[in-house]
$ cat structure09.cif   # mmCIF, N, CA and C atoms
data_start
#
loop_
_atom_site.group_PDB
_atom_site.id
_atom_site.type_symbol
_atom_site.label_atom_id
_atom_site.label_comp_id
_atom_site.auth_asym_id
_atom_site.auth_seq_id
_atom_site.Cartn_x
_atom_site.Cartn_y
_atom_site.Cartn_z
ATOM 1 N N MET A 1 68.731 -85.054 54.379
ATOM 2 C CA MET A 1 67.988 -84.593 53.218
ATOM 3 C C MET A 1 67.179 -83.353 53.599
ATOM 4 N N THR A 2 67.499 -82.225 52.993
ATOM 5 C CA THR A 2 66.791 -80.993 53.303
ATOM 6 C C THR A 2 66.000 -80.525 52.101
ATOM 7 N N ASP A 3 64.723 -80.425 52.295
ATOM 8 C CA ASP A 3 63.845 -79.917 51.247
ATOM 9 C C ASP A 3 63.701 -78.421 51.442
ATOM 10 N N MET A 4 64.178 -77.655 50.496
ATOM 11 C CA MET A 4 64.067 -76.208 50.570
ATOM 12 C C MET A 4 63.079 -75.755 49.511
ATOM 13 N N PRO A 5 61.799 -75.643 49.869
ATOM 14 C CA PRO A 5 60.822 -75.219 48.870
ATOM 15 C C PRO A 5 61.108 -73.802 48.405
ATOM 16 N N GLU A 6 60.904 -73.581 47.133
ATOM 17 C CA GLU A 6 61.096 -72.253 46.572
ATOM 18 C C GLU A 6 60.063 -71.322 47.166
ATOM 19 N N GLU A 7 60.537 -70.184 47.691
ATOM 20 C CA GLU A 7 59.608 -69.240 48.309
ATOM 21 C C GLU A 7 58.929 -68.411 47.240
ATOM 22 N N LYS A 8 57.629 -68.384 47.272
ATOM 23 C CA LYS A 8 56.830 -67.565 46.356
ATOM 24 C C LYS A 8 55.748 -66.892 47.168
ATOM 25 N N HIS A 9 55.355 -65.693 46.735
ATOM 26 C CA HIS A 9 54.187 -65.066 47.345
ATOM 27 C C HIS A 9 52.972 -65.842 46.865
ATOM 28 N N VAL A 10 51.977 -65.948 47.719
ATOM 29 C CA VAL A 10 50.799 -66.712 47.363
ATOM 30 C C VAL A 10 49.563 -65.829 47.505
ATOM 31 N N LEU A 11 48.771 -65.797 46.465
ATOM 32 C CA LEU A 11 47.467 -65.156 46.495
ATOM 33 C C LEU A 11 46.476 -66.214 46.051
ATOM 34 N N ASN A 12 45.401 -66.341 46.775
ATOM 35 C CA ASN A 12 44.367 -67.295 46.392
ATOM 36 C C ASN A 12 44.921 -68.715 46.261
ATOM 37 N N ASP A 13 45.871 -69.077 47.127
ATOM 38 C CA ASP A 13 46.490 -70.409 47.156
ATOM 39 C C ASP A 13 47.179 -70.803 45.861
ATOM 40 N N GLU A 14 47.502 -69.862 44.998
ATOM 41 C CA GLU A 14 48.215 -70.143 43.763
ATOM 42 C C GLU A 14 49.518 -69.356 43.793
ATOM 43 N N PRO A 15 50.667 -70.022 43.548
ATOM 44 C CA PRO A 15 51.909 -69.258 43.515
ATOM 45 C C PRO A 15 51.942 -68.358 42.287
ATOM 46 N N ILE A 16 52.371 -67.124 42.464
ATOM 47 C CA ILE A 16 52.519 -66.220 41.327
ATOM 48 C C ILE A 16 53.863 -65.535 41.429
ATOM 49 N N ASP A 17 54.278 -64.945 40.356
ATOM 50 C CA ASP A 17 55.553 -64.266 40.294
ATOM 51 C C ASP A 17 55.662 -63.205 41.388
ATOM 52 N N ASP A 18 56.830 -63.119 42.008
ATOM 53 C CA ASP A 18 57.041 -62.175 43.119
ATOM 54 C C ASP A 18 56.773 -60.730 42.719
ATOM 55 N N GLU A 19 57.184 -60.365 41.527
ATOM 56 C CA GLU A 19 56.988 -58.978 41.098
ATOM 57 C C GLU A 19 55.507 -58.657 40.917
ATOM 58 N N ILE A 20 54.756 -59.594 40.374
ATOM 59 C CA ILE A 20 53.318 -59.365 40.217
ATOM 60 C C ILE A 20 52.664 -59.259 41.590
ATOM 61 N N ALA A 21 53.051 -60.116 42.506
ATOM 62 C CA ALA A 21 52.504 -60.060 43.862
ATOM 63 C C ALA A 21 52.804 -58.713 44.504
ATOM 64 N N GLN A 22 54.018 -58.208 44.286
ATOM 65 C CA GLN A 22 54.401 -56.906 44.837
ATOM 66 C C GLN A 22 53.481 -55.807 44.308
ATOM 67 N N VAL A 23 53.212 -55.830 43.016
ATOM 68 C CA VAL A 23 52.348 -54.815 42.406
ATOM 69 C C VAL A 23 50.917 -54.957 42.910
ATOM 70 N N LEU A 24 50.405 -56.183 42.922
ATOM 71 C CA LEU A 24 49.011 -56.393 43.328
ATOM 72 C C LEU A 24 48.778 -55.972 44.769
ATOM 73 N N ARG A 25 49.783 -56.108 45.608
ATOM 74 C CA ARG A 25 49.635 -55.708 47.010
ATOM 75 C C ARG A 25 49.725 -54.195 47.179
ATOM 76 N N ALA A 26 50.372 -53.511 46.243
ATOM 77 C CA ALA A 26 50.568 -52.065 46.357
ATOM 78 C C ALA A 26 49.379 -51.260 45.844
ATOM 79 N N VAL A 27 48.523 -51.886 45.064
ATOM 80 C CA VAL A 27 47.431 -51.173 44.400
ATOM 81 C C VAL A 27 46.250 -50.983 45.345
ATOM 82 N N GLN A 28 45.628 -49.823 45.228
ATOM 83 C CA GLN A 28 44.387 -49.541 45.962
ATOM 84 C C GLN A 28 43.222 -50.011 45.090
ATOM 85 N N TYR A 29 42.401 -50.912 45.609
ATOM 86 C CA TYR A 29 41.272 -51.467 44.850
ATOM 87 C C TYR A 29 39.982 -50.781 45.232
ATOM 88 N N PRO A 30 38.997 -50.730 44.319
ATOM 89 C CA PRO A 30 39.030 -51.255 42.954
ATOM 90 C C PRO A 30 40.017 -50.471 42.094
ATOM 91 N N ALA A 31 40.636 -51.177 41.131
ATOM 92 C CA ALA A 31 41.630 -50.571 40.254
ATOM 93 C C ALA A 31 41.398 -51.037 38.830
ATOM 94 N N ASN A 32 41.700 -50.145 37.886
ATOM 95 C CA ASN A 32 41.597 -50.552 36.481
ATOM 96 C C ASN A 32 42.981 -50.942 35.968
ATOM 97 N N LYS A 33 43.041 -51.372 34.723
ATOM 98 C CA LYS A 33 44.296 -51.822 34.124
ATOM 99 C C LYS A 33 45.355 -50.732 34.198
ATOM 100 N N ASP A 34 44.971 -49.488 33.909
ATOM 101 C CA ASP A 34 45.946 -48.405 33.905
ATOM 102 C C ASP A 34 46.564 -48.201 35.288
ATOM 103 N N ALA A 35 45.761 -48.331 36.333
ATOM 104 C CA ALA A 35 46.287 -48.196 37.692
ATOM 105 C C ALA A 35 47.284 -49.307 38.003
ATOM 106 N N LEU A 36 47.012 -50.518 37.508
ATOM 107 C CA LEU A 36 47.924 -51.640 37.721
ATOM 108 C C LEU A 36 49.252 -51.396 37.005
ATOM 109 N N VAL A 37 49.174 -50.926 35.763
ATOM 110 C CA VAL A 37 50.389 -50.657 34.982
ATOM 111 C C VAL A 37 51.187 -49.529 35.631
ATOM 112 N N ASP A 38 50.494 -48.476 36.062
ATOM 113 C CA ASP A 38 51.177 -47.364 36.734
ATOM 114 C C ASP A 38 51.874 -47.840 38.012
ATOM 115 N N ALA A 39 51.198 -48.673 38.788
ATOM 116 C CA ALA A 39 51.794 -49.197 40.023
ATOM 117 C C ALA A 39 53.017 -50.056 39.716
ATOM 118 N N ALA A 40 52.954 -50.814 38.627
ATOM 119 C CA ALA A 40 54.090 -51.648 38.232
ATOM 120 C C ALA A 40 55.288 -50.772 37.863
ATOM 121 N N ARG A 41 55.027 -49.722 37.116
ATOM 122 C CA ARG A 41 56.128 -48.811 36.737
ATOM 123 C C ARG A 41 56.730 -48.147 37.972
ATOM 124 N N GLU A 42 55.864 -47.689 38.879
ATOM 125 C CA GLU A 42 56.340 -47.050 40.110
ATOM 126 C C GLU A 42 57.151 -48.017 40.965
ATOM 127 N N ALA A 43 56.790 -49.297 40.941
ATOM 128 C CA ALA A 43 57.495 -50.305 41.734
ATOM 129 C C ALA A 43 58.825 -50.700 41.099
ATOM 130 N N GLY A 44 59.012 -50.320 39.831
ATOM 131 C CA GLY A 44 60.265 -50.640 39.161
ATOM 132 C C GLY A 44 60.407 -52.098 38.776
ATOM 133 N N VAL A 45 59.292 -52.766 38.522
ATOM 134 C CA VAL A 45 59.354 -54.177 38.141
ATOM 135 C C VAL A 45 59.802 -54.321 36.692
ATOM 136 N N SER A 46 60.047 -55.543 36.277
ATOM 137 C CA SER A 46 60.554 -55.799 34.928
ATOM 138 C C SER A 46 59.539 -55.424 33.855
ATOM 139 N N ASN A 47 60.048 -55.177 32.652
ATOM 140 C CA ASN A 47 59.172 -54.878 31.519
ATOM 141 C C ASN A 47 58.243 -56.034 31.199
ATOM 142 N N ASP A 48 58.678 -57.264 31.461
ATOM 143 C CA ASP A 48 57.817 -58.433 31.230
ATOM 144 C C ASP A 48 56.543 -58.330 32.060
ATOM 145 N N VAL A 49 56.694 -57.945 33.319
ATOM 146 C CA VAL A 49 55.532 -57.823 34.202
ATOM 147 C C VAL A 49 54.640 -56.676 33.741
ATOM 148 N N ILE A 50 55.241 -55.560 33.382
ATOM 149 C CA ILE A 50 54.457 -54.420 32.891
ATOM 150 C C ILE A 50 53.679 -54.817 31.648
ATOM 151 N N ASN A 51 54.322 -55.542 30.728
ATOM 152 C CA ASN A 51 53.640 -55.977 29.503
ATOM 153 C C ASN A 51 52.488 -56.926 29.791
ATOM 154 N N VAL A 52 52.666 -57.823 30.757
ATOM 155 C CA VAL A 52 51.588 -58.748 31.121
ATOM 156 C C VAL A 52 50.402 -57.964 31.675
ATOM 157 N N LEU A 53 50.667 -57.032 32.585
ATOM 158 C CA LEU A 53 49.583 -56.243 33.160
ATOM 159 C C LEU A 53 48.936 -55.351 32.112
ATOM 160 N N ASP A 54 49.735 -54.831 31.183
ATOM 161 C CA ASP A 54 49.197 -53.983 30.119
ATOM 162 C C ASP A 54 48.317 -54.783 29.162
ATOM 163 N N GLY A 55 48.497 -56.091 29.136
ATOM 164 C CA GLY A 55 47.683 -56.954 28.282
ATOM 165 C C GLY A 55 46.350 -57.357 28.903
ATOM 166 N N LEU A 56 46.104 -56.944 30.133
ATOM 167 C CA LEU A 56 44.833 -57.266 30.780
ATOM 168 C C LEU A 56 43.682 -56.524 30.102
ATOM 169 N N PRO A 57 42.477 -57.073 30.186
ATOM 170 C CA PRO A 57 41.311 -56.365 29.644
ATOM 171 C C PRO A 57 41.067 -55.049 30.377
ATOM 172 N N GLU A 58 40.535 -54.085 29.639
ATOM 173 C CA GLU A 58 40.157 -52.791 30.221
ATOM 174 C C GLU A 58 38.908 -53.005 31.070
ATOM 175 N N GLN A 59 39.089 -53.037 32.376
ATOM 176 C CA GLN A 59 37.954 -53.193 33.286
ATOM 177 C C GLN A 59 38.416 -52.824 34.682
ATOM 178 N N ASP A 60 37.474 -52.711 35.595
ATOM 179 C CA ASP A 60 37.810 -52.478 36.992
ATOM 180 C C ASP A 60 37.972 -53.825 37.681
ATOM 181 N N TYR A 61 39.005 -53.938 38.506
ATOM 182 C CA TYR A 61 39.277 -55.156 39.251
ATOM 183 C C TYR A 61 38.980 -54.885 40.717
ATOM 184 N N ALA A 62 38.137 -55.722 41.318
ATOM 185 C CA ALA A 62 37.692 -55.513 42.692
ATOM 186 C C ALA A 62 38.803 -55.725 43.708
ATOM 187 N N ASP A 63 39.706 -56.668 43.407
ATOM 188 C CA ASP A 63 40.771 -57.003 44.344
ATOM 189 C C ASP A 63 41.875 -57.753 43.623
ATOM 190 N N ALA A 64 42.940 -58.069 44.365
ATOM 191 C CA ALA A 64 44.081 -58.772 43.786
ATOM 192 C C ALA A 64 43.687 -60.148 43.257
ATOM 193 N N ASP A 65 42.753 -60.810 43.919
ATOM 194 C CA ASP A 65 42.318 -62.132 43.459
ATOM 195 C C ASP A 65 41.727 -62.077 42.051
ATOM 196 N N ALA A 66 40.990 -61.007 41.750
ATOM 197 C CA ALA A 66 40.386 -60.877 40.423
ATOM 198 C C ALA A 66 41.465 -60.777 39.347
ATOM 199 N N VAL A 67 42.525 -60.054 39.636
ATOM 200 C CA VAL A 67 43.631 -59.923 38.685
ATOM 201 C C VAL A 67 44.375 -61.246 38.581
ATOM 202 N N GLU A 68 44.675 -61.856 39.714
ATOM 203 C CA GLU A 68 45.434 -63.102 39.740
ATOM 204 C C GLU A 68 44.725 -64.213 38.985
ATOM 205 N N GLN A 69 43.405 -64.285 39.122
ATOM 206 C CA GLN A 69 42.650 -65.321 38.412
ATOM 207 C C GLN A 69 42.771 -65.138 36.906
ATOM 208 N N LEU A 70 42.702 -63.902 36.456
ATOM 209 C CA LEU A 70 42.832 -63.627 35.030
ATOM 210 C C LEU A 70 44.244 -63.938 34.546
ATOM 211 N N LEU A 71 45.240 -63.557 35.310
ATOM 212 C CA LEU A 71 46.623 -63.838 34.931
ATOM 213 C C LEU A 71 46.894 -65.339 34.925
ATOM 214 N N GLY A 72 46.302 -66.048 35.854
ATOM 215 C CA GLY A 72 46.503 -67.489 35.909
ATOM 216 C C GLY A 72 45.941 -68.193 34.697
ATOM 217 N N SER A 73 44.871 -67.646 34.137
ATOM 218 C CA SER A 73 44.259 -68.303 32.987
ATOM 219 C C SER A 73 44.815 -67.793 31.667
ATOM 220 N N ASN A 74 45.332 -66.542 31.641
ATOM 221 C CA ASN A 74 45.758 -65.954 30.365
ATOM 222 C C ASN A 74 47.227 -65.622 30.276
ATOM 223 N N GLY A 75 47.806 -65.094 31.342
ATOM 224 C CA GLY A 75 49.138 -64.520 31.199
ATOM 225 C C GLY A 75 50.195 -65.108 32.084
ATOM 226 N N GLY A 76 49.849 -65.979 33.000
ATOM 227 C CA GLY A 76 50.803 -66.457 33.982
ATOM 228 C C GLY A 76 52.034 -67.145 33.432
ATOM 229 N N PRO A 77 51.910 -68.159 32.593
ATOM 230 C CA PRO A 77 53.084 -68.859 32.113
ATOM 231 C C PRO A 77 53.977 -67.949 31.273
ATOM 232 N N GLY A 78 55.262 -68.141 31.395
ATOM 233 C CA GLY A 78 56.178 -67.387 30.568
ATOM 234 C C GLY A 78 56.774 -66.178 31.244
ATOM 235 N N ILE A 79 56.302 -65.860 32.434
ATOM 236 C CA ILE A 79 56.863 -64.723 33.150
ATOM 237 C C ILE A 79 58.088 -65.226 33.902
ATOM 238 N N SER A 80 59.226 -64.599 33.668
ATOM 239 C CA SER A 80 60.416 -65.000 34.410
ATOM 240 C C SER A 80 60.928 -63.826 35.214
ATOM 241 N N ALA A 81 61.382 -64.131 36.415
ATOM 242 C CA ALA A 81 61.880 -63.056 37.290
ATOM 243 C C ALA A 81 63.331 -62.781 36.997
#

$ encode --input "structure09.cif" --output "C-alpha cells"
Amino acid sequence: MTDMPEEKHVLNDEPIDDEIAQVLRAVQYPANKDALVDAAREAGVSNDVINVLDGLPEQDYADADAVEQLLGSNGGPGISA
C-alpha cells in the first residue's frame, strides 16, 4: 500500500494552488494588488488565478502570508489548475 500525497506548495501551513504560490513567491513585498496581478501575467498563469488576484482589495500586502490569508478566506475555493 503506497500513499502518494498530492504535492502542493505550502505557505503558512495551508496548501494553496501551485500557480498562486508561484506568483506569491515571485513578488517583491510590500506589494499592492496591481503588482500581484502584473506578476501573475508575467508568470503566464491561468486567467482564473489572475481573476482571483484581481479580486483582492486595493491595499498593500506586507508578505505572501497576508495575501494567502485573504485568499483562504475569500477566494481560495474554486480555483482549479

$ resolve_selection --input "structure09.cif" --expression "the PyMOL selection byres ((chain A and resi 29) around 8)" --output "PyMOL selection string"
chain A and resi 26-28+30-32+61-64

$ write_last_selection --input "structure09.cif" --atoms "N, CA and C atoms" --output "CSV table (one decimal), in the frame of the given file"
chain,number,residue,atom,x,y,z
A,26,ALA,N,50.4,-53.5,46.2
A,26,ALA,CA,50.6,-52.1,46.4
A,26,ALA,C,49.4,-51.3,45.8
A,27,VAL,N,48.5,-51.9,45.1
A,27,VAL,CA,47.4,-51.2,44.4
A,27,VAL,C,46.2,-51.0,45.3
A,28,GLN,N,45.6,-49.8,45.2
A,28,GLN,CA,44.4,-49.5,46.0
A,28,GLN,C,43.2,-50.0,45.1
A,30,PRO,N,39.0,-50.7,44.3
A,30,PRO,CA,39.0,-51.3,43.0
A,30,PRO,C,40.0,-50.5,42.1
A,31,ALA,N,40.6,-51.2,41.1
A,31,ALA,CA,41.6,-50.6,40.3
A,31,ALA,C,41.4,-51.0,38.8
A,32,ASN,N,41.7,-50.1,37.9
A,32,ASN,CA,41.6,-50.6,36.5
A,32,ASN,C,43.0,-50.9,36.0
A,61,TYR,N,39.0,-53.9,38.5
A,61,TYR,CA,39.3,-55.2,39.3
A,61,TYR,C,39.0,-54.9,40.7
A,62,ALA,N,38.1,-55.7,41.3
A,62,ALA,CA,37.7,-55.5,42.7
A,62,ALA,C,38.8,-55.7,43.7
A,63,ASP,N,39.7,-56.7,43.4
A,63,ASP,CA,40.8,-57.0,44.3
A,63,ASP,C,41.9,-57.8,43.6
A,64,ALA,N,42.9,-58.1,44.4
A,64,ALA,CA,44.1,-58.8,43.8
A,64,ALA,C,43.7,-60.1,43.3

$ residues_around --input "structure09.cif" --residues "region 38-46 of chain A" --least-positions-apart "2" --cutoff "7 Å" --atoms "only N, CA and C atoms" --output "number ranges by chain"
A: 19, 23, 26-27, 33-36, 48-51

$ closest_residue --input "structure09.cif" --among "A:Val52, A:Val37, A:Asp17, A:Leu24" --to "Ala66 (chain A)" --atoms "only C-alpha atoms"
A:Leu24

$ atom_distance --input "structure09.cif" --atom1 "atom C of Pro57 (chain A)" --atom2 "atom C of Arg25 (chain A)"
18.9 Å

$ atom_distance --input "structure09.cif" --atom1 "CA of Ala21 (chain A)" --atom2 "CA of Asp60 (chain A)"
17.9 Å

$ atom_distance --input "structure09.cif" --atom1 "CA of Gln59 (chain A)" --atom2 "atom C of Asn47 (chain A)"
20.6 Å

$ axis_aligned_box --input "structure09.cif" --around "region 27-42 of chain A" --padding-each-side "4 Å" --output "lines of an AutoDock Vina configuration file"
center_x = 48.1
center_y = -49.5
center_z = 39.9
size_x = 26.2
size_y = 12.8
size_z = 20.1
